[in-house]
file final.cif (mmCIF, C-alpha atoms)
data_data
loop_
_atom_site.label_atom_id
_atom_site.label_comp_id
_atom_site.auth_asym_id
_atom_site.auth_seq_id
_atom_site.Cartn_x
_atom_site.Cartn_y
_atom_site.Cartn_z
CA MET A 851 1.50 -7.77 34.02
CA ASP A 852 1.66 -11.54 34.39
CA PHE A 853 -0.24 -12.70 31.31
CA PRO A 854 0.15 -16.28 30.13
CA GLY A 855 2.32 -16.43 27.03
CA THR A 856 -0.61 -17.36 24.82
CA ILE A 857 -2.49 -14.21 25.82
CA TYR A 858 0.34 -11.72 26.31
CA THR A 859 1.53 -11.46 22.71
CA PRO A 860 -1.92 -11.44 21.03
CA SER A 861 -3.10 -8.76 23.45
CA THR A 862 -0.28 -6.44 22.39
CA TRP A 863 -1.60 -6.69 18.83
CA PHE A 864 -5.34 -6.79 19.51
CA VAL A 865 -5.55 -3.48 21.40
CA PRO A 866 -3.74 -1.33 18.81
CA ILE A 867 -5.51 -3.08 15.92
CA LEU A 868 -8.91 -2.38 17.44
CA ILE A 869 -8.06 1.27 18.09
CA ALA A 870 -6.47 1.76 14.66
CA ILE A 871 -9.39 0.41 12.64
CA THR A 872 -12.03 2.07 14.83
CA PHE A 873 -10.48 5.52 14.56
CA HIS A 874 -9.72 5.01 10.84
CA GLU A 875 -13.31 4.19 9.97
CA ALA A 876 -14.81 6.76 12.34
CA ALA A 877 -12.64 9.43 10.69
CA HIS A 878 -14.02 8.54 7.24
CA ALA A 879 -17.57 8.63 8.55
CA TYR A 880 -17.09 11.92 10.39
CA ALA A 881 -15.45 13.62 7.42
CA ALA A 882 -18.23 12.51 5.05
CA TRP A 883 -20.87 13.73 7.52
CA LYS A 884 -19.28 17.15 7.92
CA LEU A 885 -18.80 17.50 4.16
CA GLY A 886 -22.47 16.89 3.35
CA ASP A 887 -23.21 13.15 3.28
CA ASP A 888 -24.93 11.81 6.39
CA THR A 889 -25.23 8.21 5.16
CA ALA A 890 -22.62 6.84 7.57
CA HIS A 891 -23.91 9.05 10.38
CA ARG A 892 -27.44 7.65 10.00
CA LEU A 893 -25.99 4.14 10.17
CA GLY A 894 -24.22 4.92 13.42
CA ARG A 895 -20.71 4.84 11.97
CA VAL A 896 -19.63 8.20 13.41
CA THR A 897 -18.57 6.49 16.63
CA PHE A 898 -15.59 5.04 18.45
CA ASN A 899 -17.59 1.89 19.20
CA PRO A 900 -15.50 -0.81 17.45
CA ILE A 901 -18.52 -3.09 17.05
CA LYS A 902 -19.88 -0.69 14.42
CA HIS A 903 -16.73 -1.00 12.31
CA VAL A 904 -15.59 -4.60 12.80
CA ASP A 905 -16.08 -7.11 10.00
CA PRO A 906 -16.39 -10.55 11.68
CA PHE A 907 -14.34 -12.34 9.05
CA GLY A 908 -11.95 -9.66 7.82
CA THR A 909 -11.17 -8.10 11.19
CA ILE A 910 -11.31 -11.09 13.55
CA LEU A 911 -11.35 -14.56 11.97
CA LEU A 912 -8.84 -14.10 9.15
CA PRO A 913 -6.15 -12.23 11.14
CA ALA A 914 -6.60 -14.69 14.05
CA LEU A 915 -6.21 -17.64 11.70
CA LEU A 916 -3.06 -16.16 10.15
CA PHE A 917 -1.65 -15.41 13.60
CA LEU A 918 -2.37 -18.86 15.02
CA THR A 919 -0.87 -20.60 12.00
CA ASN A 920 2.32 -18.52 12.31
CA ALA A 921 1.80 -16.87 8.95
CA PRO A 922 4.62 -14.40 8.14
CA PHE A 923 2.11 -11.72 7.27
CA LEU A 924 -1.16 -10.52 8.77
CA PHE A 925 -3.95 -9.25 6.54
CA GLY A 926 -7.52 -8.15 7.06
CA TRP A 927 -10.09 -5.43 6.60
CA ALA A 928 -12.84 -3.53 8.37
CA LYS A 929 -16.46 -2.94 7.42
CA PRO A 930 -16.56 -0.36 4.58
CA VAL A 931 -17.91 3.09 5.43
CA PRO A 932 -20.71 3.92 2.96
CA VAL A 933 -20.24 7.31 1.29
CA ALA A 934 -22.61 8.79 -1.31
CA PHE A 935 -20.06 10.99 -3.04
CA GLY A 936 -22.76 12.75 -5.05
CA ARG A 937 -24.19 14.17 -1.81
CA LEU A 938 -20.93 15.84 -0.81
CA GLY A 939 -20.74 19.61 -1.17
CA HIS A 940 -17.88 19.45 -3.69
CA PRO A 941 -17.84 15.79 -4.76
CA ARG A 942 -14.41 15.57 -6.39
CA ARG A 943 -12.56 17.61 -3.76
CA ASP A 944 -14.47 16.15 -0.83
CA MET A 945 -13.92 12.59 -2.06
CA ALA A 946 -10.21 13.15 -1.52
CA LEU A 947 -10.75 14.75 1.90
CA VAL A 948 -12.92 11.86 3.09
CA ALA A 949 -10.34 9.37 1.83
CA LEU A 950 -7.44 11.21 3.48
CA ALA A 951 -9.21 11.36 6.85
CA GLY A 952 -8.49 7.69 7.60
CA PRO A 953 -4.73 7.56 6.88
CA LEU A 954 -4.16 10.95 8.53
CA THR A 955 -5.88 9.65 11.66
CA ASN A 956 -3.58 6.63 11.67
CA LEU A 957 -0.55 8.91 11.40
CA ALA A 958 -1.88 10.90 14.36
CA LEU A 959 -2.33 7.69 16.36
CA ALA A 960 1.25 6.64 15.55
CA PHE A 961 2.50 10.02 16.78
CA ILE A 962 0.44 9.83 19.99
CA SER A 963 1.71 6.29 20.62
CA ALA A 964 5.30 7.50 20.20
CA VAL A 965 4.69 10.30 22.71
CA LEU A 966 3.12 7.90 25.21
CA LEU A 967 6.06 5.55 24.76
CA ARG A 968 8.22 8.23 26.36
CA THR A 969 6.20 7.90 29.58
CA ALA A 970 6.99 4.19 29.99
CA PRO A 971 9.80 4.75 32.57
CA LEU A 972 7.24 6.41 34.84
CA LEU A 973 4.95 3.38 34.95
CA PRO A 974 5.00 0.48 37.44
CA GLU A 975 7.29 -2.35 36.39
CA THR A 976 4.34 -4.76 36.34
CA ILE A 977 2.68 -2.99 33.40
CA ALA A 978 5.53 -1.15 31.68
CA PRO A 979 6.79 -4.06 29.49
CA TRP A 980 3.29 -4.82 28.17
CA LEU A 981 2.53 -1.17 27.50
CA VAL A 982 5.86 -0.56 25.76
CA ARG A 983 5.28 -3.50 23.44
CA THR A 984 1.67 -2.49 22.78
CA LEU A 985 2.63 1.11 21.96
CA TYR A 986 5.43 -0.10 19.70
CA GLN A 987 2.95 -2.32 17.84
CA SER A 988 0.57 0.65 17.65
CA ILE A 989 3.23 2.81 15.96
CA LEU A 990 4.06 0.05 13.50
CA LEU A 991 0.46 -0.88 12.72
CA ASN A 992 -0.76 2.67 12.24
CA LEU A 993 2.14 3.60 9.97
CA ILE A 994 1.65 0.50 7.83
CA LEU A 995 -2.10 1.05 7.72
CA ALA A 996 -1.65 4.66 6.61
CA ILE A 997 0.94 3.82 3.96
CA PHE A 998 -0.90 0.79 2.60
CA ASN A 999 -4.20 2.65 2.34
CA MET A 1000 -2.55 5.41 0.32
CA LEU A 1001 -1.54 3.02 -2.45
CA PRO A 1002 -3.15 4.41 -5.64
CA ILE A 1003 -5.42 1.39 -6.11
CA PRO A 1004 -9.21 1.52 -5.90
CA PRO A 1005 -10.88 0.92 -3.47
CA LEU A 1006 -8.05 2.01 -1.17
CA ASP A 1007 -7.99 5.60 0.04
CA GLY A 1008 -5.12 6.43 -2.29
CA GLY A 1009 -7.23 5.26 -5.21
CA ARG A 1010 -10.01 7.65 -4.16
CA VAL A 1011 -7.55 10.52 -4.02
CA VAL A 1012 -6.20 9.73 -7.48
CA THR A 1013 -9.73 9.48 -8.87
CA SER A 1014 -10.57 12.90 -7.43
CA ILE A 1015 -7.63 14.67 -9.06
CA LEU A 1016 -7.66 13.01 -12.48
CA PRO A 1017 -9.58 14.69 -15.31
CA ASN A 1018 -12.93 13.03 -16.04
CA VAL A 1019 -11.64 11.34 -19.18
CA LEU A 1020 -9.12 9.44 -17.03
CA ALA A 1021 -10.97 9.32 -13.72
CA ARG A 1022 -13.85 7.19 -15.01
CA PRO A 1023 -11.77 4.34 -16.45
CA PHE A 1024 -9.46 4.47 -13.43
CA ALA A 1025 -12.43 4.16 -11.06
CA LYS A 1026 -13.56 1.05 -12.93
CA LEU A 1027 -10.43 -0.69 -11.70
CA GLU A 1028 -12.21 -1.03 -8.36
CA ARG A 1029 -13.89 -4.21 -9.54
CA TYR A 1030 -10.42 -5.76 -9.78
CA GLY A 1031 -9.01 -3.98 -6.72
CA PHE A 1032 -9.39 -6.90 -4.34
CA LEU A 1033 -7.53 -9.24 -6.71
CA ILE A 1034 -4.75 -6.68 -7.15
CA LEU A 1035 -4.42 -6.32 -3.39
CA LEU A 1036 -4.33 -10.07 -2.89
CA GLY A 1037 -1.54 -10.22 -5.45
CA ILE A 1038 0.42 -7.57 -3.57
CA VAL A 1039 -0.05 -9.33 -0.24
CA SER A 1040 0.87 -12.72 -1.73
CA THR A 1041 4.05 -11.27 -3.19
CA ALA A 1042 4.94 -9.72 0.17
CA VAL A 1043 4.38 -13.05 1.90
CA GLN A 1044 6.66 -14.86 -0.54
CA LYS A 1045 9.42 -12.28 -0.07
CA SER A 1046 9.16 -12.14 3.70
CA THR A 1047 11.97 -13.71 5.67
CA THR A 1048 11.35 -17.34 6.58
CA GLY A 1049 10.26 -17.73 10.16
CA ARG A 1050 10.03 -13.97 10.80
CA ARG A 1051 6.63 -12.56 11.65
CA LYS A 1052 5.78 -9.33 9.90
CA THR A 1053 2.67 -7.25 9.99
CA GLY A 1054 0.83 -5.88 7.01
CA PRO A 1055 -2.42 -4.10 6.32
CA VAL A 1056 -3.97 -5.58 9.42
CA ALA A 1057 -7.34 -3.93 9.28
CA GLY A 1058 -9.10 -1.24 7.37
CA ALA A 1059 -7.15 -1.88 4.25
CA LEU A 1060 -10.31 -2.37 2.23
CA THR A 1061 -12.55 0.31 3.59
CA THR A 1062 -14.24 3.18 1.79
#
call {"tool": "encode", "arguments": {"input": "final.cif", "output": "structure tokens"}}
result
Amino acid sequence: MDFPGTIYTPSTWFVPILIAITFHEAAHAYAAWKLGDDTAHRLGRVTFNPIKHVDPFGTILLPALLFLTNAPFLFGWAKPVPVAFGRLGHPRRDMALVALAGPLTNLALAFISAVLLRTAPLLPETIAPWLVRTLYQSILLNLILAIFNMLPIPPLDGGRVVTSILPNVLARPFAKLERYGFLILLGIVSTAVQKSTTGRRKTGPVAGALTT
């Protein structure tokens, strides 16, 4: 596939990013719907249409700016999936299940990408290099997205899981950390940027990091 250099590399990131965040958010919305809360379903979030999940700044502008300025780390987020936890059948248990749906979906996408990578030798030489690179990025992005989202920090998915398993006396004060969650995450990302190797591009929580 004879893409110009300026399009080739971004395209190998854009496709897996779009799929990763769309499936991540759709998984949250679907799980919440099936467990009793139809808020996201009524808003049209139970869909693989990326437009429903993309945040113009967090998903497109910020990552693009970081990429174009050769930042050593990419960061962004998708549009949060609204969940009324009180409407779930078993709020505390189901909160964890809804939260886990996103990272588990990303792990599944990483596995599928690895399987598809095995088919690369069967493809025409014109498309094989692009597809191999795109699938490799997909594995990397989905694994990082799954791991990052499981950090035990509200509002990340891992924070929701921790809140659901803590006793009430600890869950309530822990949940209040969510108001500081964004600052904590920015601190983590800033530290990672400072420690990254000079001149080496790395990828981070590209999208969907700040979701439910």
call {"tool": "resolve_selection", "arguments": {"input": "final.cif", "expression": "the PyMOL selection byres ((chain A and resi 886) around 6)", "output": "PyMOL selection string"}}
result
chain A and resi 883-885+887+938-939
call {"tool": "resolve_selection", "arguments": {"input": "final.cif", "expression": "the PyMOL selection byres ((chain A and resi 944) around 12)", "output": "ChimeraX atom specification"}}
result
/A:878,881-887,933-943,945-951,1010-1011,1013-1015
call {"tool": "residues_around", "arguments": {"input": "final.cif", "residues": "Ile869 (chain A)", "least_positions_apart": "2", "cutoff": "12 Å", "atoms": "all atoms listed in the file", "output": "mmCIF file with C-alpha atoms, in the coordinates of the input"}}
result
data_model
loop_
_atom_site.group_PDB
_atom_site.id
_atom_site.type_symbol
_atom_site.label_atom_id
_atom_site.label_comp_id
_atom_site.auth_asym_id
_atom_site.auth_seq_id
_atom_site.Cartn_x
_atom_site.Cartn_y
_atom_site.Cartn_z
ATOM 1 C CA THR A 862 -0.280 -6.440 22.390
ATOM 2 C CA TRP A 863 -1.600 -6.690 18.830
ATOM 3 C CA PHE A 864 -5.340 -6.790 19.510
ATOM 4 C CA VAL A 865 -5.550 -3.480 21.400
ATOM 5 C CA PRO A 866 -3.740 -1.330 18.810
ATOM 6 C CA ILE A 867 -5.510 -3.080 15.920
ATOM 7 C CA ILE A 871 -9.390 0.410 12.640
ATOM 8 C CA THR A 872 -12.030 2.070 14.830
ATOM 9 C CA PHE A 873 -10.480 5.520 14.560
ATOM 10 C CA HIS A 874 -9.720 5.010 10.840
ATOM 11 C CA GLU A 875 -13.310 4.190 9.970
ATOM 12 C CA ALA A 876 -14.810 6.760 12.340
ATOM 13 C CA ALA A 877 -12.640 9.430 10.690
ATOM 14 C CA THR A 897 -18.570 6.490 16.630
ATOM 15 C CA PHE A 898 -15.590 5.040 18.450
ATOM 16 C CA ASN A 899 -17.590 1.890 19.200
ATOM 17 C CA PRO A 900 -15.500 -0.810 17.450
ATOM 18 C CA ILE A 901 -18.520 -3.090 17.050
ATOM 19 C CA HIS A 903 -16.730 -1.000 12.310
ATOM 20 C CA VAL A 904 -15.590 -4.600 12.800
ATOM 21 C CA ALA A 928 -12.840 -3.530 8.370
ATOM 22 C CA THR A 955 -5.880 9.650 11.660
ATOM 23 C CA ASN A 956 -3.580 6.630 11.670
ATOM 24 C CA LEU A 959 -2.330 7.690 16.360
ATOM 25 C CA ALA A 960 1.250 6.640 15.550
ATOM 26 C CA SER A 963 1.710 6.290 20.620
ATOM 27 C CA THR A 984 1.670 -2.490 22.780
ATOM 28 C CA LEU A 985 2.630 1.110 21.960
ATOM 29 C CA GLN A 987 2.950 -2.320 17.840
ATOM 30 C CA SER A 988 0.570 0.650 17.650
ATOM 31 C CA ILE A 989 3.230 2.810 15.960
ATOM 32 C CA LEU A 991 0.460 -0.880 12.720
ATOM 33 C CA ASN A 992 -0.760 2.670 12.240
ATOM 34 C CA LEU A 995 -2.100 1.050 7.720
ATOM 35 C CA VAL A 1056 -3.970 -5.580 9.420
ATOM 36 C CA ALA A 1057 -7.340 -3.930 9.280
ATOM 37 C CA GLY A 1058 -9.100 -1.240 7.370
#
call {"tool": "atom_distance", "arguments": {"input": "final.cif", "atom1": "CA of Val1012 (chain A)", "atom2": "CA of Met1000 (chain A)"}}
result
9.6 Å
call {"tool": "resolve_selection", "arguments": {"input": "final.cif", "expression": "the PyMOL selection byres ((chain A and resi 1022-1035) around 8)", "output": "PyMOL selection string"}}
result
chain A and resi 1003-1005+1009+1013+1018-1021+1036-1039
call {"tool": "atom_distance", "arguments": {"input": "final.cif", "atom1": "CA of Ala996 (chain A)", "atom2": "CA of Ile857 (chain A)"}}
result
26.9 Å
